[in-house]
$ cat data.pdb   # PDB, N, CA and C atoms
ATOM      1  N   MET D1292      27.996  59.214 -97.598
ATOM      2  CA  MET D1292      27.181  59.506 -98.750
ATOM      3  C   MET D1292      27.145  58.294 -99.665
ATOM      4  N   ALA D1293      25.952  57.882-100.091
ATOM      5  CA  ALA D1293      25.785  56.696-100.926
ATOM      6  C   ALA D1293      26.191  56.995-102.369
ATOM      7  N   LYS D1294      26.818  56.016-102.978
ATOM      8  CA  LYS D1294      27.218  56.146-104.379
ATOM      9  C   LYS D1294      26.025  55.799-105.265
ATOM     10  N   THR D1295      25.721  56.647-106.211
ATOM     11  CA  THR D1295      24.615  56.420-107.131
ATOM     12  C   THR D1295      25.172  55.895-108.435
ATOM     13  N   GLU D1296      24.633  54.731-108.875
ATOM     14  CA  GLU D1296      25.071  54.154-110.133
ATOM     15  C   GLU D1296      24.058  54.488-111.215
ATOM     16  N   LYS D1297      24.548  54.778-112.389
ATOM     17  CA  LYS D1297      23.695  55.088-113.535
ATOM     18  C   LYS D1297      23.461  53.809-114.314
ATOM     19  N   LEU D1298      22.187  53.444-114.502
ATOM     20  CA  LEU D1298      21.840  52.255-115.270
ATOM     21  C   LEU D1298      21.597  52.633-116.722
ATOM     22  N   PHE D1299      21.932  51.717-117.613
ATOM     23  CA  PHE D1299      21.555  51.906-119.002
ATOM     24  C   PHE D1299      20.050  51.704-119.091
ATOM     25  N   THR D1300      19.414  52.458-119.962
ATOM     26  CA  THR D1300      17.972  52.285-120.166
ATOM     27  C   THR D1300      17.685  52.153-121.650
ATOM     28  N   TYR D1301      16.568  51.508-121.938
ATOM     29  CA  TYR D1301      16.061  51.385-123.296
ATOM     30  C   TYR D1301      14.575  51.663-123.218
ATOM     31  N   LYS D1302      14.129  52.677-123.916
ATOM     32  CA  LYS D1302      12.733  53.108-123.888
ATOM     33  C   LYS D1302      12.248  53.346-122.460
ATOM     34  N   GLY D1303      13.134  53.927-121.634
ATOM     35  CA  GLY D1303      12.776  54.306-120.279
ATOM     36  C   GLY D1303      12.823  53.213-119.238
ATOM     37  N   LYS D1304      13.250  52.009-119.612
ATOM     38  CA  LYS D1304      13.327  50.898-118.657
ATOM     39  C   LYS D1304      14.779  50.436-118.528
ATOM     40  N   PRO D1305      15.174  49.982-117.327
ATOM     41  CA  PRO D1305      16.566  49.551-117.117
ATOM     42  C   PRO D1305      16.958  48.366-118.004
ATOM     43  N   LEU D1306      18.207  48.368-118.434
ATOM     44  CA  LEU D1306      18.782  47.280-119.213
ATOM     45  C   LEU D1306      20.095  46.918-118.542
ATOM     46  N   VAL D1307      20.143  45.720-117.951
ATOM     47  CA  VAL D1307      21.301  45.282-117.176
ATOM     48  C   VAL D1307      21.879  44.022-117.802
ATOM     49  N   ARG D1308      23.201  43.984-117.924
ATOM     50  CA  ARG D1308      23.888  42.830-118.512
ATOM     51  C   ARG D1308      24.703  42.112-117.451
ATOM     52  N   CYS D1309      24.622  40.795-117.478
ATOM     53  CA  CYS D1309      25.441  39.934-116.619
ATOM     54  C   CYS D1309      25.970  38.819-117.502
ATOM     55  N   GLY D1310      27.206  38.953-117.976
ATOM     56  CA  GLY D1310      27.759  37.972-118.900
ATOM     57  C   GLY D1310      27.026  38.034-120.231
ATOM     58  N   LYS D1311      26.485  36.898-120.658
ATOM     59  CA  LYS D1311      25.738  36.846-121.917
ATOM     60  C   LYS D1311      24.235  36.914-121.697
ATOM     61  N   THR D1312      23.821  37.338-120.514
ATOM     62  CA  THR D1312      22.410  37.482-120.186
ATOM     63  C   THR D1312      22.100  38.948-119.956
ATOM     64  N   LEU D1313      20.989  39.395-120.548
ATOM     65  CA  LEU D1313      20.526  40.772-120.365
ATOM     66  C   LEU D1313      19.144  40.741-119.732
ATOM     67  N   TYR D1314      18.925  41.642-118.792
ATOM     68  CA  TYR D1314      17.614  41.786-118.154
ATOM     69  C   TYR D1314      17.073  43.157-118.521
ATOM     70  N   TYR D1315      15.817  43.178-118.940
ATOM     71  CA  TYR D1315      15.191  44.418-119.375
ATOM     72  C   TYR D1315      13.910  44.636-118.580
ATOM     73  N   GLY D1316      13.825  45.750-117.894
ATOM     74  CA  GLY D1316      12.648  46.086-117.100
ATOM     75  C   GLY D1316      13.017  46.251-115.639
ATOM     76  N   ASN D1317      12.042  46.703-114.861
ATOM     77  CA  ASN D1317      12.230  46.899-113.429
ATOM     78  C   ASN D1317      11.905  45.612-112.685
ATOM     79  N   SER D1318      12.790  45.184-111.802
ATOM     80  CA  SER D1318      12.578  43.925-111.084
ATOM     81  C   SER D1318      11.398  43.988-110.125
ATOM     82  N   TYR D1319      10.954  45.179-109.753
ATOM     83  CA  TYR D1319       9.805  45.312-108.861
ATOM     84  C   TYR D1319       8.480  45.340-109.626
ATOM     85  N   ASP D1320       8.509  45.378-110.960
ATOM     86  CA  ASP D1320       7.297  45.291-111.772
ATOM     87  C   ASP D1320       6.836  43.832-111.854
ATOM     88  N   PRO D1321       5.587  43.593-112.251
ATOM     89  CA  PRO D1321       5.080  42.221-112.339
ATOM     90  C   PRO D1321       5.775  41.357-113.393
ATOM     91  N   PHE D1322       6.403  41.995-114.397
ATOM     92  CA  PHE D1322       7.066  41.242-115.463
ATOM     93  C   PHE D1322       8.411  41.871-115.790
ATOM     94  N   VAL D1323       9.324  41.039-116.284
ATOM     95  CA  VAL D1323      10.639  41.475-116.731
ATOM     96  C   VAL D1323      11.031  40.588-117.913
ATOM     97  N   ILE D1324      11.936  41.076-118.743
ATOM     98  CA  ILE D1324      12.431  40.303-119.890
ATOM     99  C   ILE D1324      13.838  39.807-119.582
ATOM    100  N   MET D1325      14.094  38.540-119.937
ATOM    101  CA  MET D1325      15.444  37.997-119.860
ATOM    102  C   MET D1325      15.856  37.587-121.269
ATOM    103  N   MET D1326      17.026  38.051-121.700
ATOM    104  CA  MET D1326      17.559  37.695-123.013
ATOM    105  C   MET D1326      18.905  37.013-122.827
ATOM    106  N   GLN D1327      19.059  35.870-123.461
ATOM    107  CA  GLN D1327      20.314  35.124-123.373
ATOM    108  C   GLN D1327      20.928  35.029-124.763
ATOM    109  N   VAL D1328      22.165  35.503-124.885
ATOM    110  CA  VAL D1328      22.877  35.410-126.155
ATOM    111  C   VAL D1328      23.407  33.988-126.273
ATOM    112  N   ALA D1329      22.860  33.235-127.234
ATOM    113  CA  ALA D1329      23.249  31.837-127.407
ATOM    114  C   ALA D1329      24.494  31.706-128.284
ATOM    115  N   THR D1330      24.533  32.469-129.375
ATOM    116  CA  THR D1330      25.687  32.425-130.264
ATOM    117  C   THR D1330      26.069  33.835-130.667
ATOM    118  N   THR D1331      27.328  34.005-131.031
ATOM    119  CA  THR D1331      27.831  35.293-131.504
ATOM    120  C   THR D1331      28.557  35.078-132.824
ATOM    121  N   LYS D1332      28.760  36.179-133.542
ATOM    122  CA  LYS D1332      29.556  36.127-134.768
ATOM    123  C   LYS D1332      30.476  37.337-134.801
ATOM    124  N   THR D1333      31.552  37.213-135.536
ATOM    125  CA  THR D1333      32.528  38.281-135.637
ATOM    126  C   THR D1333      32.285  39.069-136.912
ATOM    127  N   VAL D1334      32.140  40.373-136.764
ATOM    128  CA  VAL D1334      31.981  41.278-137.900
ATOM    129  C   VAL D1334      33.092  42.311-137.778
ATOM    130  N   GLY D1335      34.012  42.237-138.709
ATOM    131  CA  GLY D1335      35.196  43.099-138.612
ATOM    132  C   GLY D1335      36.009  42.676-137.406
ATOM    133  N   ASP D1336      36.195  43.592-136.458
ATOM    134  CA  ASP D1336      36.920  43.252-135.238
ATOM    135  C   ASP D1336      35.993  43.212-134.021
ATOM    136  N   MET D1337      34.665  43.181-134.271
ATOM    137  CA  MET D1337      33.692  43.152-133.176
ATOM    138  C   MET D1337      32.956  41.823-133.122
ATOM    139  N   GLU D1338      32.641  41.386-131.910
ATOM    140  CA  GLU D1338      31.825  40.196-131.714
ATOM    141  C   GLU D1338      30.405  40.666-131.397
ATOM    142  N   ILE D1339      29.430  40.233-132.212
ATOM    143  CA  ILE D1339      28.049  40.670-132.015
ATOM    144  C   ILE D1339      27.135  39.471-131.799
ATOM    145  N   ALA D1340      26.001  39.716-131.164
ATOM    146  CA  ALA D1340      25.032  38.660-130.886
ATOM    147  C   ALA D1340      24.446  38.151-132.191
ATOM    148  N   ASP D1341      24.327  36.835-132.306
ATOM    149  CA  ASP D1341      23.742  36.222-133.493
ATOM    150  C   ASP D1341      22.380  35.624-133.146
ATOM    151  N   LYS D1342      22.359  34.643-132.253
ATOM    152  CA  LYS D1342      21.108  34.014-131.838
ATOM    153  C   LYS D1342      20.823  34.415-130.392
ATOM    154  N   VAL D1343      19.620  34.946-130.139
ATOM    155  CA  VAL D1343      19.250  35.437-128.811
ATOM    156  C   VAL D1343      17.926  34.814-128.398
ATOM    157  N   PHE D1344      17.886  34.221-127.217
ATOM    158  CA  PHE D1344      16.650  33.685-126.651
ATOM    159  C   PHE D1344      16.013  34.770-125.791
ATOM    160  N   VAL D1345      14.720  35.019-126.002
ATOM    161  CA  VAL D1345      13.985  36.056-125.287
ATOM    162  C   VAL D1345      12.881  35.397-124.465
ATOM    163  N   GLN D1346      12.766  35.775-123.193
ATOM    164  CA  GLN D1346      11.714  35.245-122.322
ATOM    165  C   GLN D1346      11.062  36.380-121.544
ATOM    166  N   LEU D1347       9.738  36.375-121.523
ATOM    167  CA  LEU D1347       8.974  37.271-120.668
ATOM    168  C   LEU D1347       8.720  36.506-119.380
ATOM    169  N   LEU D1348       9.184  37.048-118.249
ATOM    170  CA  LEU D1348       9.100  36.357-116.977
ATOM    171  C   LEU D1348       8.176  37.067-116.000
ATOM    172  N   ASN D1349       7.391  36.285-115.277
ATOM    173  CA  ASN D1349       6.571  36.782-114.180
ATOM    174  C   ASN D1349       7.488  36.897-112.966
ATOM    175  N   THR D1350       7.503  38.039-112.292
ATOM    176  CA  THR D1350       8.413  38.250-111.165
ATOM    177  C   THR D1350       7.805  37.890-109.813
ATOM    178  N   ASP D1351       6.581  37.367-109.807
ATOM    179  CA  ASP D1351       5.926  36.978-108.552
ATOM    180  C   ASP D1351       6.728  35.853-107.893
ATOM    181  N   PRO D1352       7.222  36.050-106.664
ATOM    182  CA  PRO D1352       8.036  35.019-106.010
ATOM    183  C   PRO D1352       7.234  33.757-105.648
ATOM    184  N   ASN D1353       5.917  33.841-105.660
ATOM    185  CA  ASN D1353       5.080  32.677-105.336
ATOM    186  C   ASN D1353       4.807  31.785-106.539
ATOM    187  N   VAL D1354       5.231  32.206-107.728
ATOM    188  CA  VAL D1354       5.034  31.420-108.944
ATOM    189  C   VAL D1354       6.211  30.469-109.106
ATOM    190  N   ARG D1355       5.907  29.210-109.453
ATOM    191  CA  ARG D1355       6.972  28.232-109.686
ATOM    192  C   ARG D1355       7.843  28.687-110.852
ATOM    193  N   PRO D1356       9.154  28.413-110.807
ATOM    194  CA  PRO D1356      10.050  28.852-111.886
ATOM    195  C   PRO D1356       9.587  28.411-113.278
ATOM    196  N   ARG D1357       9.069  27.218-113.389
ATOM    197  CA  ARG D1357       8.595  26.722-114.679
ATOM    198  C   ARG D1357       7.401  27.543-115.179
ATOM    199  N   ASP D1358       6.538  27.953-114.257
ATOM    200  CA  ASP D1358       5.357  28.727-114.621
ATOM    201  C   ASP D1358       5.656  30.219-114.779
ATOM    202  N   ALA D1359       6.837  30.637-114.385
ATOM    203  CA  ALA D1359       7.198  32.056-114.474
ATOM    204  C   ALA D1359       7.439  32.499-115.915
ATOM    205  N   ILE D1360       7.753  31.563-116.806
ATOM    206  CA  ILE D1360       7.985  31.899-118.207
ATOM    207  C   ILE D1360       6.626  32.071-118.886
ATOM    208  N   VAL D1361       6.309  33.304-119.241
ATOM    209  CA  VAL D1361       5.020  33.620-119.854
ATOM    210  C   VAL D1361       5.089  33.457-121.370
ATOM    211  N   LYS D1362       6.161  33.946-121.980
ATOM    212  CA  LYS D1362       6.382  33.838-123.427
ATOM    213  C   LYS D1362       7.861  33.608-123.670
ATOM    214  N   LYS D1363       8.173  32.948-124.784
ATOM    215  CA  LYS D1363       9.578  32.790-125.153
ATOM    216  C   LYS D1363       9.704  32.730-126.670
ATOM    217  N   SER D1364      10.858  33.164-127.150
ATOM    218  CA  SER D1364      11.119  33.198-128.584
ATOM    219  C   SER D1364      12.622  33.187-128.824
ATOM    220  N   GLU D1365      12.999  32.857-130.026
ATOM    221  CA  GLU D1365      14.401  32.918-130.448
ATOM    222  C   GLU D1365      14.479  33.932-131.577
ATOM    223  N   LYS D1366      15.402  34.869-131.471
ATOM    224  CA  LYS D1366      15.544  35.919-132.475
ATOM    225  C   LYS D1366      16.958  35.940-133.030
ATOM    226  N   LYS D1367      17.076  36.420-134.253
ATOM    227  CA  LYS D1367      18.378  36.550-134.902
ATOM    228  C   LYS D1367      18.860  37.981-134.697
ATOM    229  N   GLY D1368      19.813  38.159-133.818
ATOM    230  CA  GLY D1368      20.383  39.471-133.558
ATOM    231  C   GLY D1368      19.753  40.164-132.365
ATOM    232  N   LEU D1369      20.534  41.045-131.762
ATOM    233  CA  LEU D1369      20.089  41.756-130.568
ATOM    234  C   LEU D1369      19.005  42.782-130.887
ATOM    235  N   TYR D1370      19.067  43.389-132.058
ATOM    236  CA  TYR D1370      18.056  44.386-132.421
ATOM    237  C   TYR D1370      16.667  43.751-132.449
ATOM    238  N   ALA D1371      16.530  42.607-133.113
ATOM    239  CA  ALA D1371      15.235  41.918-133.183
ATOM    240  C   ALA D1371      14.784  41.467-131.803
ATOM    241  N   ALA D1372      15.722  41.033-130.968
ATOM    242  CA  ALA D1372      15.390  40.601-129.608
ATOM    243  C   ALA D1372      14.887  41.770-128.770
ATOM    244  N   MET D1373      15.563  42.918-128.853
ATOM    245  CA  MET D1373      15.129  44.087-128.096
ATOM    246  C   MET D1373      13.787  44.610-128.589
ATOM    247  N   ASP D1374      13.546  44.499-129.882
ATOM    248  CA  ASP D1374      12.284  44.958-130.459
ATOM    249  C   ASP D1374      11.116  44.156-129.888
ATOM    250  N   ILE D1375      11.197  42.841-129.918
ATOM    251  CA  ILE D1375      10.104  42.005-129.396
ATOM    252  C   ILE D1375      10.020  42.123-127.876
ATOM    253  N   ALA D1376      11.158  42.266-127.220
ATOM    254  CA  ALA D1376      11.179  42.399-125.754
ATOM    255  C   ALA D1376      10.412  43.635-125.311
ATOM    256  N   SER D1377      10.630  44.752-125.975
ATOM    257  CA  SER D1377       9.942  45.978-125.571
ATOM    258  C   SER D1377       8.443  45.883-125.818
ATOM    259  N   ILE D1378       8.041  45.236-126.902
ATOM    260  CA  ILE D1378       6.614  45.053-127.198
ATOM    261  C   ILE D1378       5.968  44.157-126.152
ATOM    262  N   TRP D1379       6.574  43.008-125.888
ATOM    263  CA  TRP D1379       6.015  42.070-124.901
ATOM    264  C   TRP D1379       5.901  42.711-123.529
ATOM    265  N   LEU D1380       6.952  43.411-123.100
ATOM    266  CA  LEU D1380       6.953  43.994-121.765
ATOM    267  C   LEU D1380       5.898  45.083-121.644
ATOM    268  N   GLU D1381       5.797  45.946-122.618
ATOM    269  CA  GLU D1381       4.782  47.011-122.583
ATOM    270  C   GLU D1381       3.379  46.423-122.524
ATOM    271  N   ARG D1382       3.102  45.425-123.338
ATOM    272  CA  ARG D1382       1.766  44.795-123.357
ATOM    273  C   ARG D1382       1.462  44.094-122.034
ATOM    274  N   ALA D1383       2.442  43.376-121.497
ATOM    275  CA  ALA D1383       2.230  42.648-120.236
ATOM    276  C   ALA D1383       1.976  43.614-119.085
ATOM    277  N   LEU D1384       2.743  44.675-119.026
ATOM    278  CA  LEU D1384       2.556  45.651-117.945
ATOM    279  C   LEU D1384       1.248  46.413-118.108
ATOM    280  N   ALA D1385       0.841  46.698-119.336
ATOM    281  CA  ALA D1385      -0.415  47.416-119.574
ATOM    282  C   ALA D1385      -1.620  46.549-119.217
ATOM    283  N   SER D1386      -1.554  45.255-119.523
ATOM    284  CA  SER D1386      -2.693  44.374-119.238
ATOM    285  C   SER D1386      -2.784  44.005-117.762
ATOM    286  N   ASN D1387      -1.678  44.154-117.045
ATOM    287  CA  ASN D1387      -1.666  43.811-115.624
ATOM    288  C   ASN D1387      -2.059  44.979-114.737
ATOM    289  N   GLY D1388      -1.913  46.175-115.217
ATOM    290  CA  GLY D1388      -2.140  47.329-114.355
ATOM    291  C   GLY D1388      -3.308  48.105-114.789
TER     292      GLY D1388
END

$ encode --input "data.pdb" --output "structure tokens"
Amino acid sequence: MAKTEKLFTYKGKPLVRCGKTLYYGNSYDPFVIMMQVATTKTVGDMEIADKVFVQLLNTDPNVRPRDAIVKKSEKKGLYAAMDIASIWLERALASNG
């Protein structure tokens, strides 16, 4: 029997973390978001994201890596990064399908 893993989701799309990089969206869709935490700060006893780079990526394997970056931005905090990420991804998927 196969083990089923539960993925975290945000607004109905998968959110996967690998180190300081987060991927938002389905990898089989035409676009996905990559967020990289560049800097963190300590608030109380917690370390939180401070500066986050956000990129909208084309997942077509025939596109050169340099051309795969459709949009990019730098945001202050994870909340602002997730906010723009969800907007960009929804718009990109809606215009493509």

$ atom_distance --input "data.pdb" --atom1 "atom C of Ser1364 (chain D)" --atom2 "CA of Glu1338 (chain D)"
20.6 Å

$ resolve_selection --input "data.pdb" --expression "the PyMOL selection byres (((chain D and resi 1377 and name CA) around 10) and name CA)" --output "list in words"
Tyr1301, Lys1302, Lys1304, Tyr1315, Gly1316, Val1323, Ile1324, Ala1372, Met1373, Asp1374, Ile1375, Ala1376, Ile1378, Trp1379, Leu1380, Glu1381, Arg1382 and Ala1383 of chain D

$ select_by_dssp --input "data.pdb" --residues "region 1298-1385 of chain D" --states "strand (DSSP E)" --output "number ranges by chain"
D: 1299-1301, 1304-1309, 1312-1315, 1322-1334, 1337-1349, 1360-1367

$ closest_residue --input "data.pdb" --among "D:Gly1303, D:Pro1321, D:Gly1368, D:Gly1310" --to "Ile1339 (chain D)" --atoms "all atoms listed in the file"
D:Gly1368

$ select_by_dssp --input "data.pdb" --residues "chain D" --states "helix (DSSP H, G or I)" --output "MDAnalysis selection string"
chainID D and resid 1356:1359 1369:1387

$ atom_distance --input "data.pdb" --atom1 "CA of Lys1362 (chain D)" --atom2 "CA of Asn1317 (chain D)"
17.5 Å

$ resolve_selection --input "data.pdb" --expression "the PyMOL selection byres (((chain D and resi 1340 and name CA) around 9) and name CA)" --output "ChimeraX atom specification"
/D:1328-1333,1338-1339,1341-1343,1367-1369

$ decode --input "data.pdb" --residues "chain D" --atoms "C-alpha atoms" --output "short mmCIF file (atom, residue, chain, number, x, y, z; two decimals), in the first residue's frame"
data_model
loop_
_atom_site.label_atom_id
_atom_site.label_comp_id
_atom_site.auth_asym_id
_atom_site.auth_seq_id
_atom_site.Cartn_x
_atom_site.Cartn_y
_atom_site.Cartn_z
CA MET D 1292 0.00 0.00 0.00
CA ALA D 1293 1.41 3.40 -1.03
CA LYS D 1294 1.97 6.04 1.61
CA THR D 1295 0.04 9.24 0.93
CA GLU D 1296 1.70 12.48 1.98
CA LYS D 1297 -0.33 15.56 2.83
CA LEU D 1298 0.96 18.75 1.21
CA PHE D 1299 0.49 22.19 2.67
CA THR D 1300 -1.72 24.34 0.47
CA TYR D 1301 -2.37 28.04 0.14
CA LYS D 1302 -5.52 29.13 -1.68
CA GLY D 1303 -5.92 25.57 -2.98
CA LYS D 1304 -2.43 25.23 -4.48
CA PRO D 1305 0.52 23.23 -3.07
CA LEU D 1306 3.16 25.05 -1.04
CA VAL D 1307 6.42 23.12 -0.67
CA ARG D 1308 9.53 24.23 1.22
CA CYS D 1309 13.09 23.10 0.58
CA GLY D 1310 15.49 24.94 2.88
CA LYS D 1311 15.00 28.67 2.33
CA THR D 1312 13.19 28.15 -0.98
CA LEU D 1313 9.42 27.78 -1.29
CA TYR D 1314 7.56 26.57 -4.36
CA TYR D 1315 3.93 27.53 -4.83
CA GLY D 1316 1.69 25.89 -7.42
CA ASN D 1317 1.41 22.59 -9.25
CA SER D 1318 4.56 21.54 -11.12
CA TYR D 1319 2.44 20.12 -13.95
CA ASP D 1320 0.78 23.54 -14.58
CA PRO D 1321 2.31 25.94 -17.14
CA PHE D 1322 3.55 28.26 -14.36
CA VAL D 1323 4.81 27.98 -10.78
CA ILE D 1324 6.12 30.47 -8.21
CA MET D 1325 9.54 30.20 -6.58
CA MET D 1326 10.25 32.25 -3.45
CA GLN D 1327 13.71 32.50 -1.93
CA VAL D 1328 14.18 33.86 1.58
CA ALA D 1329 17.24 36.10 1.27
CA THR D 1330 17.38 37.46 4.82
CA THR D 1331 15.69 36.71 8.12
CA LYS D 1332 15.21 38.58 11.38
CA THR D 1333 14.59 37.47 14.93
CA VAL D 1334 11.35 38.52 16.60
CA GLY D 1335 11.15 37.31 20.15
CA ASP D 1336 12.40 33.73 19.97
CA MET D 1337 11.33 33.16 16.33
CA GLU D 1338 13.27 33.66 13.11
CA ILE D 1339 11.04 35.11 10.37
CA ALA D 1340 11.56 35.96 6.71
CA ASP D 1341 12.63 39.55 6.10
CA LYS D 1342 13.59 39.89 2.43
CA VAL D 1343 12.01 37.44 -0.05
CA PHE D 1344 12.68 37.16 -3.79
CA VAL D 1345 9.61 36.09 -5.79
CA GLN D 1346 9.75 34.66 -9.33
CA LEU D 1347 7.00 33.49 -11.65
CA LEU D 1348 8.48 30.61 -13.65
CA ASN D 1349 7.41 28.97 -16.89
CA THR D 1350 7.51 25.18 -16.37
CA ASP D 1351 7.90 24.30 -20.07
CA PRO D 1352 11.02 22.07 -20.26
CA ASN D 1353 11.78 23.41 -23.77
CA VAL D 1354 12.23 26.98 -22.49
CA ARG D 1355 15.77 28.08 -21.65
CA PRO D 1356 16.30 28.63 -17.90
CA ARG D 1357 16.99 32.33 -18.44
CA ASP D 1358 13.74 32.72 -20.40
CA ALA D 1359 11.75 30.71 -17.85
CA ILE D 1360 11.61 33.69 -15.47
CA VAL D 1361 8.45 35.55 -16.48
CA LYS D 1362 8.29 38.04 -13.58
CA LYS D 1363 10.40 38.76 -10.52
CA SER D 1364 10.18 41.00 -7.48
CA GLU D 1365 11.64 41.51 -4.03
CA LYS D 1366 9.22 41.75 -1.10
CA LYS D 1367 9.59 42.58 2.57
CA GLY D 1368 8.23 39.64 4.53
CA LEU D 1369 6.62 36.34 3.62
CA TYR D 1370 3.07 37.71 3.78
CA ALA D 1371 3.76 40.28 1.03
CA ALA D 1372 5.58 37.64 -1.02
CA MET D 1373 2.70 35.16 -0.78
CA ASP D 1374 0.21 37.90 -1.63
CA ILE D 1375 1.93 38.85 -4.91
CA ALA D 1376 2.71 35.19 -5.67
CA SER D 1377 -0.94 34.18 -5.54
CA ILE D 1378 -1.97 37.11 -7.75
CA TRP D 1379 0.73 36.44 -10.36
CA LEU D 1380 0.04 32.71 -10.46
CA GLU D 1381 -3.74 33.10 -10.79
CA ARG D 1382 -3.36 35.66 -13.61
CA ALA D 1383 -0.75 33.59 -15.47
CA LEU D 1384 -2.81 30.41 -15.29
CA ALA D 1385 -6.01 32.24 -16.30
CA SER D 1386 -4.38 33.88 -19.34
CA ASN D 1387 -2.79 30.62 -20.45
CA GLY D 1388 -5.85 28.42 -20.25
#
